[in-house]
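A.B. asks: Encoded as structure tokens, here's the structure I'll be asking about.
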Amino acid sequence: MKENLRAVVLAAGKGTRLKSESHDLPKVMRLAAGRPLLAHVLSSLDFIAAENTVIVVGYKKDAVISAFPGYSFAEQREQLGTGHAVMAAAEALEGFDGCVLVCCGDMPLIKRKSLLALVDTHFAEKNTCTILSGTSDEPLDYGRIVRDADGAFLRMVEHKDCNEEERKIRELNSGVYTFQAPALLRALSKLSRNNSQGEYYLTDVPAILKSEGKKVGICNRHLGLELLGVNTPEQLSRVEELLK
């Protein structure tokens, strides 16, 4: 299984709300419990070889590249959304017909066993795409997973776009996915920036694949605190305490 598995880690962000500019570091290089946020994520991904892991860099890219020798890197020159970040890694995935795990470099609490559960579900169900969804007692403004009457994936709705009923949904999108690489690359070419943010959303890819008749599955777990990302100094402080 591991031979047919690669990872793409999104790590290009500037960290404006985190005030990372004043630290002269990109967001993922901010320290928590003595290690960069990205180091915690890569530790959970250690079942995928470093040379098979593409880190998408951008702001202050040299700081990331020098800190993680042995990994592959792709540059996102503009910040045009999560879909655009994965597009930056497309060249590194060309010709690969296996499974790609996509995750964020600013979620240091995500556990190895959760990522492995996602991969196991993906292969066991022979999905084209599998979404890691989760429940949490935290008040998180994450996208919701909407299922059909049979319990299958229907769509994802961003928190800001949810109607009153959708906001009651407890199943949240973690932002972690597995995709069959060729299908992912084709779907990325169909993404549009025709939205309020003018960005390419990775969250649109599962719906594109479903519309093509591809199998989109869900690995649902009680993720709890694993869902916490780092966007503000307060969140960084909390994550550091939890890691300690």
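Chain identifiers are assigned as A, B, and so on, following the order in which chains appear in the structure tokens; residues are numbered from 1 within each chain, and ligands are numbered from 1 in order of appearance.
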Neighbours of range 33-39 of chain A within 10 Å (only C-alpha atoms; same-chain residues fewer than 4 positions away dropped), as a ChimeraX atom specification?
C.D. replies: /A:9-11,27-29,43-45,55,64,67-68,104-109,229-230,236-237,239-244
A.B. asks: Write down as a ChimeraX atom specification the residues belonging to chain A that are assigned helix (DSSP H, G or I) by DSSP computed on the backbone.
C.D. replies: /A:2-4,20-23,27-29,37-44,50-52,61-67,82-88,90-93,112-125,159-161,166-168,181-188,202-211,224-227,233-243
A.B. asks: Just list as a PDB file with C-alpha atoms, in the first residue's frame whatever in range 146-231 of chain A DSSP marks as strand (DSSP E or B).
C.D. replies:
```
ATOM      1  CA  VAL A 146     -24.038  17.059   3.626  1.00  0.00           C
ATOM      2  CA  ARG A 147     -25.180  13.498   2.998  1.00  0.00           C
ATOM      3  CA  PHE A 153     -21.702  12.055   0.329  1.00  0.00           C
ATOM      4  CA  LEU A 154     -23.760  14.736  -1.378  1.00  0.00           C
ATOM      5  CA  ARG A 155     -21.759  17.960  -1.033  1.00  0.00           C
ATOM      6  CA  MET A 156     -19.714  20.165   1.274  1.00  0.00           C
ATOM      7  CA  VAL A 157     -20.905  23.586   2.364  1.00  0.00           C
ATOM      8  CA  LEU A 172     -17.277  18.749   9.835  1.00  0.00           C
ATOM      9  CA  ASN A 173     -14.800  18.736   6.974  1.00  0.00           C
ATOM     10  CA  SER A 174     -11.269  18.294   8.358  1.00  0.00           C
ATOM     11  CA  GLY A 175      -9.601  19.524   5.170  1.00  0.00           C
ATOM     12  CA  VAL A 176      -7.813  16.169   4.830  1.00  0.00           C
ATOM     13  CA  TYR A 177      -8.502  13.976   1.791  1.00  0.00           C
ATOM     14  CA  THR A 178      -7.243  11.074  -0.264  1.00  0.00           C
ATOM     15  CA  PHE A 179      -7.589  11.061  -4.050  1.00  0.00           C
ATOM     16  CA  GLN A 180      -6.620   8.846  -6.923  1.00  0.00           C
ATOM     17  CA  VAL A 216     -16.588   9.575  -3.192  1.00  0.00           C
ATOM     18  CA  GLY A 217     -16.468   8.142   0.312  1.00  0.00           C
ATOM     19  CA  ILE A 218     -16.200   9.470   3.846  1.00  0.00           C
ATOM     20  CA  CYS A 219     -14.082   8.349   6.774  1.00  0.00           C
ATOM     21  CA  ASN A 220     -15.946   9.772   9.766  1.00  0.00           C
ATOM     22  CA  ARG A 221     -14.281   9.855  13.197  1.00  0.00           C
ATOM     23  CA  HIS A 222     -14.668  11.737  16.450  1.00  0.00           C
TER      24      HIS A 222
END
```
A.B. asks: Could you check the closest approach to Val41 in chain A for each of A:Ile145, A:Ser136, A:Gly83, A:Leu115 and tell me which residue wins, using only C-alpha atoms?
C.D. replies: A:Leu115
